[in-house]
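Participant: The structure file my_file00.cif (mmCIF, C-alpha atoms) is provided below.
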```
data_target
loop_
_atom_site.label_atom_id
_atom_site.label_comp_id
_atom_site.auth_asym_id
_atom_site.auth_seq_id
_atom_site.Cartn_x
_atom_site.Cartn_y
_atom_site.Cartn_z
CA MET A 1 -113.11 28.56 110.05
CA ARG A 2 -113.69 27.58 113.70
CA GLU A 3 -112.01 24.21 113.18
CA TYR A 4 -109.00 25.90 111.59
CA LEU A 5 -108.81 28.21 114.60
CA LEU A 6 -108.96 25.23 116.97
CA VAL A 7 -106.14 23.48 115.11
CA PHE A 8 -104.08 26.67 115.23
CA VAL A 9 -104.61 27.06 119.00
CA VAL A 10 -103.80 23.40 119.72
CA SER A 11 -100.60 23.55 117.65
CA ALA A 12 -99.51 26.74 119.41
CA ALA A 13 -100.39 25.47 122.90
CA VAL A 14 -98.62 22.12 122.52
CA THR A 15 -95.52 23.79 121.07
CA PHE A 16 -95.48 26.32 123.91
CA LEU A 17 -95.81 23.62 126.58
CA ALA A 18 -93.28 21.29 124.94
CA THR A 19 -90.58 23.94 124.53
CA PRO A 20 -89.30 23.79 128.17
CA LEU A 21 -89.03 20.01 127.78
CA ALA A 22 -87.02 20.46 124.58
CA ARG A 23 -84.78 22.94 126.38
CA ALA A 24 -84.14 20.52 129.24
CA PHE A 25 -83.35 17.73 126.77
CA ALA A 26 -80.96 20.00 124.83
CA LEU A 27 -79.07 20.83 128.02
CA ARG A 28 -78.96 17.17 128.98
CA ILE A 29 -77.38 15.98 125.72
CA GLY A 30 -75.20 19.06 125.22
CA ALA A 31 -77.02 20.55 122.22
CA VAL A 32 -75.95 24.08 123.11
CA ALA A 33 -74.95 26.88 120.75
CA GLY A 34 -71.64 28.37 121.85
CA VAL A 35 -70.64 31.94 121.13
CA ARG A 36 -68.83 32.27 117.80
CA ALA A 37 -67.55 35.29 115.88
CA ARG A 38 -70.56 35.30 113.54
CA ASP A 39 -73.15 34.96 116.33
CA VAL A 40 -75.09 37.80 117.95
CA HIS A 41 -75.93 36.06 121.24
CA ALA A 42 -73.56 36.69 124.14
CA THR A 43 -74.06 33.52 126.21
CA PRO A 44 -74.27 29.81 125.28
CA THR A 45 -77.91 28.95 124.50
CA PRO A 46 -79.55 25.52 124.11
CA ARG A 47 -81.22 24.63 120.84
CA LEU A 48 -83.47 21.75 119.62
CA GLY A 49 -86.59 23.94 119.50
CA GLY A 50 -87.60 21.91 116.47
CA LEU A 51 -88.60 19.02 118.72
CA ALA A 52 -91.26 21.18 120.42
CA MET A 53 -92.45 22.42 117.01
CA LEU A 54 -92.67 18.84 115.75
CA ALA A 55 -94.84 17.99 118.77
CA GLY A 56 -97.12 20.91 117.89
CA LEU A 57 -97.31 19.70 114.28
CA TYR A 58 -98.35 16.19 115.34
CA ALA A 59 -100.91 17.54 117.82
CA GLY A 60 -102.46 19.96 115.33
CA LEU A 61 -102.82 17.40 112.56
CA GLU A 62 -104.11 14.77 114.99
CA VAL A 63 -106.84 17.13 116.20
CA ALA A 64 -107.71 18.04 112.61
CA ASP A 65 -108.06 14.37 111.77
CA ARG A 66 -110.72 14.01 114.49
CA LEU A 67 -112.83 17.03 113.55
CA PRO A 68 -115.93 16.52 111.40
CA PHE A 69 -115.00 19.19 108.84
CA LEU A 70 -111.20 18.98 108.55
CA SER A 71 -110.96 15.18 108.80
CA VAL A 72 -111.77 15.05 105.08
CA VAL A 73 -108.31 16.47 104.34
CA SER A 74 -106.46 13.35 105.48
CA GLN A 75 -109.15 11.11 103.99
CA ASP A 76 -109.10 12.65 100.51
CA TRP A 77 -105.53 13.95 100.20
CA SER A 78 -102.12 12.53 101.06
CA GLU A 79 -100.39 15.80 102.00
CA THR A 80 -100.75 15.50 105.77
CA ARG A 81 -99.19 12.03 105.91
CA ALA A 82 -96.40 13.17 103.59
CA VAL A 83 -95.68 16.19 105.77
CA LEU A 84 -95.61 14.14 108.98
CA VAL A 85 -93.13 11.62 107.54
CA ALA A 86 -90.87 14.19 105.89
CA GLY A 87 -91.18 16.62 108.80
CA THR A 88 -90.04 13.95 111.25
CA LEU A 89 -87.05 13.07 109.06
CA ILE A 90 -85.95 16.68 108.52
CA CYS A 91 -86.35 17.43 112.23
CA LEU A 92 -84.22 14.42 113.21
CA LEU A 93 -81.59 15.55 110.70
CA GLY A 94 -81.67 18.96 112.37
CA VAL A 95 -81.36 17.38 115.83
CA ALA A 96 -78.19 15.62 114.69
CA ASP A 97 -76.83 18.89 113.33
CA ASP A 98 -77.79 20.80 116.49
CA ARG A 99 -75.85 18.27 118.56
CA TRP A 100 -72.89 17.33 116.33
CA GLU A 101 -72.81 20.07 113.62
CA LEU A 102 -72.97 18.07 110.40
CA ASP A 103 -71.10 19.21 107.31
CA SER A 104 -73.01 21.09 104.62
CA LEU A 105 -73.01 18.24 102.07
CA THR A 106 -74.48 15.80 104.59
CA LYS A 107 -77.21 18.28 105.47
CA LEU A 108 -77.96 18.93 101.81
CA ALA A 109 -78.22 15.20 101.11
CA GLY A 110 -80.61 14.81 104.04
CA GLN A 111 -82.68 17.76 102.85
CA VAL A 112 -82.98 16.29 99.36
CA ALA A 113 -83.93 12.88 100.81
CA ALA A 114 -86.64 14.31 103.07
CA SER A 115 -87.93 16.53 100.26
CA GLY A 116 -87.99 13.61 97.84
CA ILE A 117 -89.97 11.48 100.28
CA MET A 118 -92.51 14.26 100.78
CA VAL A 119 -92.86 14.72 97.03
CA LEU A 120 -93.23 11.01 96.31
CA LEU A 121 -95.87 10.75 99.06
CA GLY A 122 -98.00 13.38 97.36
CA VAL A 123 -96.79 16.96 97.86
CA GLN A 124 -95.84 18.07 94.36
CA TRP A 125 -96.82 20.49 91.66
CA SER A 126 -99.44 18.98 89.40
CA PHE A 127 -100.24 22.10 87.36
CA ALA A 128 -98.35 25.03 85.88
CA ILE A 129 -99.40 28.28 84.27
CA ASN A 130 -99.79 28.38 80.49
CA ARG A 131 -98.45 31.83 79.66
CA ASP A 132 -100.14 31.86 76.24
CA SER A 133 -103.70 31.48 77.59
CA GLU A 134 -105.88 31.52 80.67
CA THR A 135 -105.47 27.78 81.18
CA THR A 136 -103.17 25.56 83.19
CA LEU A 137 -100.94 22.74 82.05
CA SER A 138 -100.75 19.34 83.72
CA LEU A 139 -97.20 18.44 84.72
CA GLY A 140 -95.83 14.96 84.26
CA PRO A 141 -93.77 13.29 87.02
CA GLU A 142 -90.53 13.84 85.10
CA THR A 143 -91.07 17.60 85.58
CA ALA A 144 -93.16 17.78 88.74
CA VAL A 145 -90.87 15.67 90.95
CA PRO A 146 -87.52 17.47 90.44
CA LEU A 147 -89.20 20.89 90.36
CA SER A 148 -90.98 20.22 93.64
CA ILE A 149 -87.86 18.84 95.33
CA LEU A 150 -85.87 21.89 94.24
CA ALA A 151 -88.53 24.26 95.59
CA ILE A 152 -88.63 22.47 98.96
CA VAL A 153 -84.84 22.44 99.37
CA VAL A 154 -84.66 26.15 98.50
CA MET A 155 -87.37 26.95 101.05
CA ILE A 156 -85.66 24.87 103.75
CA ASN A 157 -82.41 26.75 103.27
CA ALA A 158 -84.12 30.14 103.00
CA MET A 159 -85.64 29.67 106.45
CA ASN A 160 -82.39 28.23 107.77
CA PHE A 161 -80.40 31.23 106.53
CA ILE A 162 -82.56 33.88 108.23
CA ASP A 163 -82.51 32.11 111.59
CA GLY A 164 -79.88 34.49 112.96
CA LEU A 165 -81.77 36.71 115.39
CA ASP A 166 -84.02 35.75 118.29
CA GLY A 167 -87.55 35.24 117.01
CA LEU A 168 -86.79 36.21 113.41
CA ALA A 169 -87.38 32.94 111.54
CA ALA A 170 -90.38 31.93 113.66
CA GLY A 171 -92.04 35.33 113.25
CA VAL A 172 -91.46 35.58 109.50
CA ALA A 173 -92.69 32.01 108.99
CA ALA A 174 -95.80 32.72 111.09
CA ILE A 175 -96.60 35.84 109.03
CA ALA A 176 -96.02 33.94 105.80
CA SER A 177 -98.25 31.08 106.92
CA LEU A 178 -101.08 33.39 108.00
CA ALA A 179 -101.00 35.16 104.63
CA THR A 180 -100.91 31.82 102.81
CA PHE A 181 -103.85 30.58 104.89
CA TYR A 182 -105.88 33.68 104.05
CA PHE A 183 -105.11 33.29 100.36
CA ALA A 184 -105.96 29.57 100.28
CA TYR A 185 -109.19 30.05 102.24
CA GLU A 186 -110.39 33.00 100.16
CA ILE A 187 -109.74 31.11 96.92
CA ALA A 188 -112.00 28.35 98.17
CA VAL A 189 -114.72 30.86 99.11
CA ILE A 190 -114.58 32.86 95.88
CA ASP A 191 -114.31 29.94 93.45
CA GLY A 192 -116.62 27.64 95.38
CA PHE A 193 -113.98 25.04 96.24
CA TYR A 194 -114.38 22.89 99.32
CA ARG A 195 -113.01 24.97 102.19
CA ALA A 196 -111.21 22.10 103.92
CA SER A 197 -107.95 22.03 101.97
CA PRO A 198 -104.43 20.74 102.65
CA ALA A 199 -102.91 24.15 101.92
CA ALA A 200 -105.07 25.97 104.46
CA LEU A 201 -104.63 23.26 107.10
CA LEU A 202 -100.84 23.12 106.74
CA ALA A 203 -100.62 26.92 106.83
CA ALA A 204 -102.73 27.07 110.01
CA VAL A 205 -100.61 24.42 111.74
CA THR A 206 -97.35 26.07 110.67
CA ALA A 207 -98.51 29.44 112.00
CA GLY A 208 -99.53 27.75 115.25
CA VAL A 209 -96.20 26.03 115.92
CA CYS A 210 -94.29 29.22 115.12
CA ILE A 211 -96.39 31.44 117.37
CA GLY A 212 -96.33 28.86 120.15
CA PHE A 213 -92.54 28.86 120.01
CA LEU A 214 -92.08 32.65 119.85
CA PRO A 215 -92.59 33.44 123.59
CA HIS A 216 -89.57 31.27 124.38
CA ASN A 217 -87.54 32.44 121.39
CA PHE A 218 -88.05 36.21 121.30
CA ASN A 219 -85.17 38.31 122.55
CA PRO A 220 -83.64 37.36 124.93
CA SER A 221 -84.11 33.79 123.74
CA ARG A 222 -84.16 30.92 126.24
CA LEU A 223 -84.05 28.32 123.46
CA PHE A 224 -83.01 28.47 119.81
CA MET A 225 -85.06 26.55 117.27
CA GLY A 226 -81.79 25.31 115.77
CA ASP A 227 -81.63 23.57 112.41
CA SER A 228 -84.19 21.09 113.73
CA GLY A 229 -86.71 23.93 113.82
CA SER A 230 -85.65 26.15 110.92
CA MET A 231 -85.52 23.26 108.45
CA LEU A 232 -88.86 21.95 109.72
CA ILE A 233 -90.69 25.25 109.23
CA GLY A 234 -89.01 25.64 105.85
CA LEU A 235 -90.36 22.26 104.81
CA LEU A 236 -93.83 23.09 106.18
CA SER A 237 -93.87 26.45 104.39
CA ALA A 238 -92.89 24.74 101.15
CA ALA A 239 -95.64 22.15 101.56
CA SER A 240 -98.37 24.78 101.95
CA MET A 241 -96.90 26.85 99.08
CA ILE A 242 -96.86 23.89 96.68
CA SER A 243 -100.32 22.83 97.76
CA VAL A 244 -101.85 26.26 97.20
CA THR A 245 -100.14 26.96 93.87
CA GLY A 246 -99.46 23.62 92.25
CA GLN A 247 -102.29 21.34 93.31
CA VAL A 248 -105.20 23.43 91.98
CA ALA A 249 -105.88 24.10 88.31
CA TYR A 250 -106.71 27.81 88.61
CA GLY A 251 -107.30 28.30 84.92
CA GLY A 252 -107.89 32.01 84.34
CA TYR A 253 -108.58 32.80 87.98
CA ALA A 254 -106.99 36.03 89.23
CA GLY A 255 -109.50 37.06 91.86
CA PRO A 256 -111.96 39.73 90.75
CA SER A 257 -109.29 41.07 88.40
CA ARG A 258 -108.62 39.54 84.98
CA SER A 259 -105.62 41.79 84.28
CA TYR A 260 -103.02 39.14 85.06
CA PRO A 261 -104.67 35.77 84.48
CA SER A 262 -103.32 33.05 86.74
CA LEU A 263 -100.13 34.96 87.56
CA ILE A 264 -100.99 36.68 90.84
CA PRO A 265 -102.07 33.46 92.61
CA LEU A 266 -98.73 31.87 91.74
CA ALA A 267 -96.79 34.94 92.92
CA ILE A 268 -98.48 35.24 96.34
CA PRO A 269 -96.39 32.64 98.22
CA LEU A 270 -93.23 34.05 96.66
CA ALA A 271 -94.17 37.55 97.81
CA VAL A 272 -95.02 36.26 101.28
CA LEU A 273 -91.55 34.74 101.61
CA ALA A 274 -89.68 37.53 99.83
CA VAL A 275 -87.44 38.26 102.81
CA PRO A 276 -85.92 34.77 103.22
CA PHE A 277 -85.69 34.32 99.44
CA LEU A 278 -83.85 37.64 99.06
CA ASP A 279 -81.51 36.80 101.92
CA LEU A 280 -80.85 33.33 100.48
CA GLY A 281 -80.07 34.70 97.02
CA LEU A 282 -77.70 37.35 98.32
CA ALA A 283 -75.92 34.81 100.54
CA VAL A 284 -75.39 32.35 97.67
CA ILE A 285 -74.04 35.10 95.36
CA ARG A 286 -71.82 36.54 98.09
CA ARG A 287 -70.29 33.22 99.13
CA THR A 288 -69.88 31.90 95.57
CA ARG A 289 -68.07 35.07 94.47
CA ALA A 290 -65.75 34.68 97.45
CA GLY A 291 -64.93 31.10 96.40
CA ARG A 292 -66.73 29.59 99.40
CA SER A 293 -69.52 27.05 99.73
CA PRO A 294 -73.03 28.56 99.38
CA PHE A 295 -73.83 26.90 102.71
CA ALA A 296 -70.83 28.32 104.60
CA ALA A 297 -71.98 30.48 107.52
CA ASP A 298 -71.10 34.16 107.76
CA LYS A 299 -72.25 37.35 109.46
CA MET A 300 -73.44 39.21 106.35
CA HIS A 301 -77.15 38.40 106.32
CA LEU A 302 -79.70 41.23 106.10
CA HIS A 303 -80.45 41.03 109.80
CA HIS A 304 -76.75 41.18 110.68
CA ARG A 305 -76.31 44.31 108.57
CA MET A 306 -79.26 45.96 110.28
CA LEU A 307 -77.51 45.44 113.61
CA GLU A 308 -74.28 46.84 112.21
CA ILE A 309 -75.91 50.13 111.16
CA GLY A 310 -77.17 50.79 114.64
CA ASN A 311 -80.45 48.96 115.14
CA SER A 312 -81.23 47.12 118.34
CA HIS A 313 -81.88 43.38 118.20
CA VAL A 314 -85.62 43.83 118.77
CA ARG A 315 -85.95 46.71 116.29
CA ALA A 316 -84.21 44.72 113.56
CA VAL A 317 -86.55 41.77 114.11
CA LEU A 318 -89.67 43.94 114.18
CA PHE A 319 -88.64 45.65 110.94
CA MET A 320 -88.23 42.26 109.26
CA TYR A 321 -91.69 41.32 110.56
CA PHE A 322 -93.08 44.53 109.08
CA TRP A 323 -91.45 43.87 105.72
CA ALA A 324 -92.73 40.28 105.56
CA ALA A 325 -96.27 41.34 106.52
CA LEU A 326 -96.23 44.21 104.03
CA VAL A 327 -95.24 42.19 100.99
CA GLY A 328 -97.24 39.13 102.07
CA PHE A 329 -100.58 40.68 102.90
CA GLY A 330 -100.12 43.36 100.25
CA GLY A 331 -99.81 40.61 97.65
CA VAL A 332 -102.88 38.82 99.02
CA ALA A 333 -104.91 42.05 98.94
CA ALA A 334 -103.82 42.67 95.34
CA SER A 335 -104.87 39.19 94.25
CA PHE A 336 -108.45 39.77 95.40
CA SER A 337 -108.72 43.34 94.12
CA ALA A 338 -110.35 44.52 90.90
CA SER A 339 -107.38 46.91 90.50
CA PRO A 340 -104.28 45.09 91.79
CA LEU A 341 -101.65 47.41 90.31
CA PRO A 342 -102.30 50.41 92.64
CA ILE A 343 -102.11 48.10 95.66
CA LEU A 344 -98.82 46.63 94.49
CA VAL A 345 -97.40 50.10 93.82
CA ALA A 346 -98.54 51.29 97.24
CA THR A 347 -96.99 48.23 98.88
CA VAL A 348 -93.63 48.87 97.25
CA GLY A 349 -93.86 52.59 98.08
CA VAL A 350 -94.59 52.00 101.75
CA GLY A 351 -91.78 49.46 101.97
CA LEU A 352 -89.24 51.82 100.41
CA ALA A 353 -90.40 54.70 102.62
CA ALA A 354 -90.02 52.55 105.73
CA LEU A 355 -86.54 51.47 104.63
CA LEU A 356 -85.52 55.09 104.00
CA ALA A 357 -86.85 56.16 107.41
CA LEU A 358 -84.93 53.32 109.04
CA LEU A 359 -81.68 54.32 107.33
CA VAL A 360 -82.11 57.99 108.26
CA ARG A 361 -82.81 57.11 111.88
CA THR A 362 -79.83 54.83 112.17
CA GLN A 363 -77.56 57.45 110.62
CA LYS A 364 -78.73 59.96 113.23
CA SER A 365 -78.12 57.42 115.97
CA ALA A 366 -74.61 56.78 114.65
CA ARG A 367 -73.74 60.50 114.85
CA THR A 368 -74.92 60.93 118.45
#
```
Go ahead and render the structure in this file as structure tokens.
Facilitator:
Amino acid sequence: MREYLLVFVVSAAVTFLATPLARAFALRIGAVAGVRARDVHATPTPRLGGLAMLAGLYAGLEVADRLPFLSVVSQDWSETRAVLVAGTLICLLGVADDRWELDSLTKLAGQVAASGIMVLLGVQWSFAINRDSETTLSLGPETAVPLSILAIVVMINAMNFIDGLDGLAAGVAAIASLATFYFAYEIAVIDGFYRASPAALLAAVTAGVCIGFLPHNFNPSRLFMGDSGSMLIGLLSAASMISVTGQVAYGGYAGPSRSYPSLIPLAIPLAVLAVPFLDLGLAVIRRTRAGRSPFAADKMHLHHRMLEIGNSHVRAVLFMYFWAALVGFGGVAASFSASPLPILVATVGVGLAALLALLVRTQKSART
């Protein structure tokens, strides 16, 4: 655990220190977000925060490679090399978009290419749940490769879509990564797996780069992460999700509970990232019904609507943090409980109560 903490701190520190350099570079090359009708910021703001996050990723994985305990991850598994190669490519694609605003089809092609490279280098689902028993099925490459690429592209765009408020995407990704780390580490402890795992390492590094970037990105933001950052953390989140759910044959494992064999472990990463997935799904449906591209930007995301009903920028972001932490850590707690159903019901109940309280408060604010 101490080595994971060291990697987390190094990733956060390097990202924090590199962010002013990324800001200066963005200003120098003109990678600045102007003020458009769909935007919520009032003044032009530089982007390219993904370059600082990429520096934190390299630093964290380099330190891990030199530690006596975590060095086994790069020696025995290929995930870290795959993530570094694909992460660099997706970040460079984002840099080009931050500077020249690429069209949606070009970005999608680049996302598929980077995802495919990461999958072919070793980050892919190898196992799936057998719903008829407490066993797992081994996936062949004809299924594992396209399924993994699809999951990565969806995750990249989910994180990209929620990057609309200062600190929102970085905070949600950090919460998701911390919950994923806890889940991956506890699985190793409970089932006696080796505790140095690609999933836990990637989750720790992802949380580190996000938290290191947040002080510069929280409202009022001095630097946006841009597509270079949002697509990078989407790819990193997908890598840890696939590693924790599709690289280990869980069999009938469901924590202390045997009520839902093998299902809860698979659902944890999806619950952790419920907010960006929900926002992505609603955006695709909304834009498709309107006859527009699913990747066309608008001002109808969940966080935009929270601002419209009277919430401040900071309050809207903090509520999204709360929601992500609630469903993420609530799902993790349920997976390690002998009675998961009451925890899941309580999680949903608290979330609905918080949403109701928020709506009531905003209605009162609107009247005054």
Participant: Ranking A:Leu120, A:Ile187, A:Leu51, A:Ala199 by minimum distance to Val73 of chain A and counting only C-alpha atoms, which one comes first?
Facilitator: A:Ala199
Participant: Going by the chain IDs and residue numbers used in this file, which residues fall under the PyMOL selection byres ((chain A and resi 15) around 10)? Write them as a PDB file with C-alpha atoms, in the frame of the given file.
Facilitator:
```
ATOM      1  CA  VAL A   9    -104.610  27.060 119.000  1.00  0.00           C
ATOM      2  CA  VAL A  10    -103.800  23.400 119.720  1.00  0.00           C
ATOM      3  CA  SER A  11    -100.600  23.550 117.650  1.00  0.00           C
ATOM      4  CA  ALA A  12     -99.510  26.740 119.410  1.00  0.00           C
ATOM      5  CA  ALA A  13    -100.390  25.470 122.900  1.00  0.00           C
ATOM      6  CA  VAL A  14     -98.620  22.120 122.520  1.00  0.00           C
ATOM      7  CA  PHE A  16     -95.480  26.320 123.910  1.00  0.00           C
ATOM      8  CA  LEU A  17     -95.810  23.620 126.580  1.00  0.00           C
ATOM      9  CA  ALA A  18     -93.280  21.290 124.940  1.00  0.00           C
ATOM     10  CA  THR A  19     -90.580  23.940 124.530  1.00  0.00           C
ATOM     11  CA  PRO A  20     -89.300  23.790 128.170  1.00  0.00           C
ATOM     12  CA  ALA A  22     -87.020  20.460 124.580  1.00  0.00           C
ATOM     13  CA  GLY A  49     -86.590  23.940 119.500  1.00  0.00           C
ATOM     14  CA  GLY A  50     -87.600  21.910 116.470  1.00  0.00           C
ATOM     15  CA  LEU A  51     -88.600  19.020 118.720  1.00  0.00           C
ATOM     16  CA  ALA A  52     -91.260  21.180 120.420  1.00  0.00           C
ATOM     17  CA  MET A  53     -92.450  22.420 117.010  1.00  0.00           C
ATOM     18  CA  LEU A  54     -92.670  18.840 115.750  1.00  0.00           C
ATOM     19  CA  ALA A  55     -94.840  17.990 118.770  1.00  0.00           C
ATOM     20  CA  GLY A  56     -97.120  20.910 117.890  1.00  0.00           C
ATOM     21  CA  LEU A  57     -97.310  19.700 114.280  1.00  0.00           C
ATOM     22  CA  TYR A  58     -98.350  16.190 115.340  1.00  0.00           C
ATOM     23  CA  ALA A  59    -100.910  17.540 117.820  1.00  0.00           C
ATOM     24  CA  GLY A  60    -102.460  19.960 115.330  1.00  0.00           C
ATOM     25  CA  GLY A 208     -99.530  27.750 115.250  1.00  0.00           C
ATOM     26  CA  VAL A 209     -96.200  26.030 115.920  1.00  0.00           C
ATOM     27  CA  CYS A 210     -94.290  29.220 115.120  1.00  0.00           C
ATOM     28  CA  ILE A 211     -96.390  31.440 117.370  1.00  0.00           C
ATOM     29  CA  GLY A 212     -96.330  28.860 120.150  1.00  0.00           C
ATOM     30  CA  PHE A 213     -92.540  28.860 120.010  1.00  0.00           C
ATOM     31  CA  LEU A 214     -92.080  32.650 119.850  1.00  0.00           C
TER      32      LEU A 214
END
```
Participant: Using only C-alpha atoms, which protein or nucleic acid residues come within 12 Å of Val189 of chain A? Drop anything in the same chain fewer than 6 positions from it, and give the result as a list in words.
Facilitator: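 The neighbour list is Met1, Tyr182, Phe183, Arg195, Ala196, Ser197, Gly255 and Phe336 of chain A.
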Participant: Write out as a list in words which residues come within 8 Å of Tyr4 of chain A when counting only C-alpha atoms, dropping same-chain ones fewer than 4 positions away.
Facilitator: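 Here the answer would be Phe8, Leu70, Leu201 and Ala204 of chain A.
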Participant: Please write as a JSON list (two decimals) with C-alpha atoms, in the frame of the given file the list of polymer residues whose atoms come within 12 Å of (-77.7, 14.9, 102.8), counting only C-alpha atoms and keeping to the coordinates of the file.
Facilitator:
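Printed below is out.json as written:
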```json
[["chain", "number", "residue", "atom", "x", "y", "z"],
["A", 89, "LEU", "CA", -87.05, 13.07, 109.06],
["A", 90, "ILE", "CA", -85.95, 16.68, 108.52],
["A", 93, "LEU", "CA", -81.59, 15.55, 110.70],
["A", 94, "GLY", "CA", -81.67, 18.96, 112.37],
["A", 96, "ALA", "CA", -78.19, 15.62, 114.69],
["A", 97, "ASP", "CA", -76.83, 18.89, 113.33],
["A", 102, "LEU", "CA", -72.97, 18.07, 110.40],
["A", 103, "ASP", "CA", -71.10, 19.21, 107.31],
["A", 104, "SER", "CA", -73.01, 21.09, 104.62],
["A", 105, "LEU", "CA", -73.01, 18.24, 102.07],
["A", 106, "THR", "CA", -74.48, 15.80, 104.59],
["A", 107, "LYS", "CA", -77.21, 18.28, 105.47],
["A", 108, "LEU", "CA", -77.96, 18.93, 101.81],
["A", 109, "ALA", "CA", -78.22, 15.20, 101.11],
["A", 110, "GLY", "CA", -80.61, 14.81, 104.04],
["A", 111, "GLN", "CA", -82.68, 17.76, 102.85],
["A", 112, "VAL", "CA", -82.98, 16.29, 99.36],
["A", 113, "ALA", "CA", -83.93, 12.88, 100.81],
["A", 114, "ALA", "CA", -86.64, 14.31, 103.07],
["A", 115, "SER", "CA", -87.93, 16.53, 100.26],
["A", 116, "GLY", "CA", -87.99, 13.61, 97.84],
["A", 153, "VAL", "CA", -84.84, 22.44, 99.37]]
```
Participant: What is the distance between atom CA of Trp77 of chain A and atom CA of Ala169 of chain A, in Å to one decimal?
Facilitator: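 According to the coordinates, atom CA of Trp77 of chain A and atom CA of Ala169 of chain A are separated by 28.6 Å.
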Participant: Write out as a list in words the residues lying within 6 Å of segment 314-322 of chain A, counting only C-alpha atoms and excluding same-chain residues fewer than 4 positions away.
Facilitator: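 Contacts, with the query itself left out: Leu168, Val172 and Leu326 of chain A.
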Participant: What do you get, as number ranges by chain, if you spell out every residue that the PyMOL selection byres ((chain A and resi 236) around 12) selects here?
Facilitator: A: 53-54, 57, 79-80, 82-88, 90-91, 114-115, 118, 123, 151-153, 155-156, 159, 173-174, 176-177, 180, 198-210, 229-235, 237-243
Participant: Between A:Phe69, A:Tyr194, A:Phe224, A:Phe329, which one has atoms that come closest to Phe181 of chain A, using only C-alpha atoms?
Facilitator: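 So, comparing all the options, the nearest one is A:Phe329.
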Participant: Could you add the missing atoms to segment 319-331 of chain A, up to N, CA and C atoms, and return them as a PDB file, in the coordinates of the input?
Facilitator:
```pdb
ATOM      1  N   PHE A 319     -88.638  45.119 112.299  1.00  0.00           N
ATOM      2  CA  PHE A 319     -88.640  45.650 110.940  1.00  0.00           C
ATOM      3  C   PHE A 319     -88.776  44.520 109.922  1.00  0.00           C
ATOM      4  N   MET A 320     -88.100  43.403 110.168  1.00  0.00           N
ATOM      5  CA  MET A 320     -88.230  42.260 109.260  1.00  0.00           C
ATOM      6  C   MET A 320     -89.652  41.701 109.294  1.00  0.00           C
ATOM      7  N   TYR A 321     -90.278  41.716 110.474  1.00  0.00           N
ATOM      8  CA  TYR A 321     -91.690  41.320 110.560  1.00  0.00           C
ATOM      9  C   TYR A 321     -92.547  42.243 109.696  1.00  0.00           C
ATOM     10  N   PHE A 322     -92.312  43.539 109.843  1.00  0.00           N
ATOM     11  CA  PHE A 322     -93.080  44.530 109.080  1.00  0.00           C
ATOM     12  C   PHE A 322     -92.929  44.294 107.588  1.00  0.00           C
ATOM     13  N   TRP A 323     -91.699  44.068 107.154  1.00  0.00           N
ATOM     14  CA  TRP A 323     -91.450  43.870 105.720  1.00  0.00           C
ATOM     15  C   TRP A 323     -92.162  42.613 105.216  1.00  0.00           C
ATOM     16  N   ALA A 324     -92.077  41.525 105.969  1.00  0.00           N
ATOM     17  CA  ALA A 324     -92.730  40.280 105.560  1.00  0.00           C
ATOM     18  C   ALA A 324     -94.245  40.449 105.499  1.00  0.00           C
ATOM     19  N   ALA A 325     -94.816  41.128 106.506  1.00  0.00           N
ATOM     20  CA  ALA A 325     -96.270  41.340 106.520  1.00  0.00           C
ATOM     21  C   ALA A 325     -96.697  42.254 105.384  1.00  0.00           C
ATOM     22  N   LEU A 326     -95.889  43.257 105.091  1.00  0.00           N
ATOM     23  CA  LEU A 326     -96.230  44.210 104.030  1.00  0.00           C
ATOM     24  C   LEU A 326     -96.306  43.525 102.682  1.00  0.00           C
ATOM     25  N   VAL A 327     -95.242  42.806 102.314  1.00  0.00           N
ATOM     26  CA  VAL A 327     -95.240  42.190 100.990  1.00  0.00           C
ATOM     27  C   VAL A 327     -96.203  41.003 100.940  1.00  0.00           C
ATOM     28  N   GLY A 328     -96.348  40.281 102.061  1.00  0.00           N
ATOM     29  CA  GLY A 328     -97.240  39.130 102.070  1.00  0.00           C
ATOM     30  C   GLY A 328     -98.696  39.505 101.958  1.00  0.00           C
ATOM     31  N   PHE A 329     -99.175  40.309 102.898  1.00  0.00           N
ATOM     32  CA  PHE A 329    -100.580  40.680 102.900  1.00  0.00           C
ATOM     33  C   PHE A 329    -100.902  41.688 101.798  1.00  0.00           C
ATOM     34  N   GLY A 330     -99.900  42.485 101.399  1.00  0.00           N
ATOM     35  CA  GLY A 330    -100.120  43.360 100.250  1.00  0.00           C
ATOM     36  C   GLY A 330    -100.363  42.562  98.991  1.00  0.00           C
ATOM     37  N   GLY A 331     -99.601  41.467  98.815  1.00  0.00           N
ATOM     38  CA  GLY A 331     -99.810  40.610  97.650  1.00  0.00           C
ATOM     39  C   GLY A 331    -101.154  39.912  97.683  1.00  0.00           C
TER      40      GLY A 331
END
```
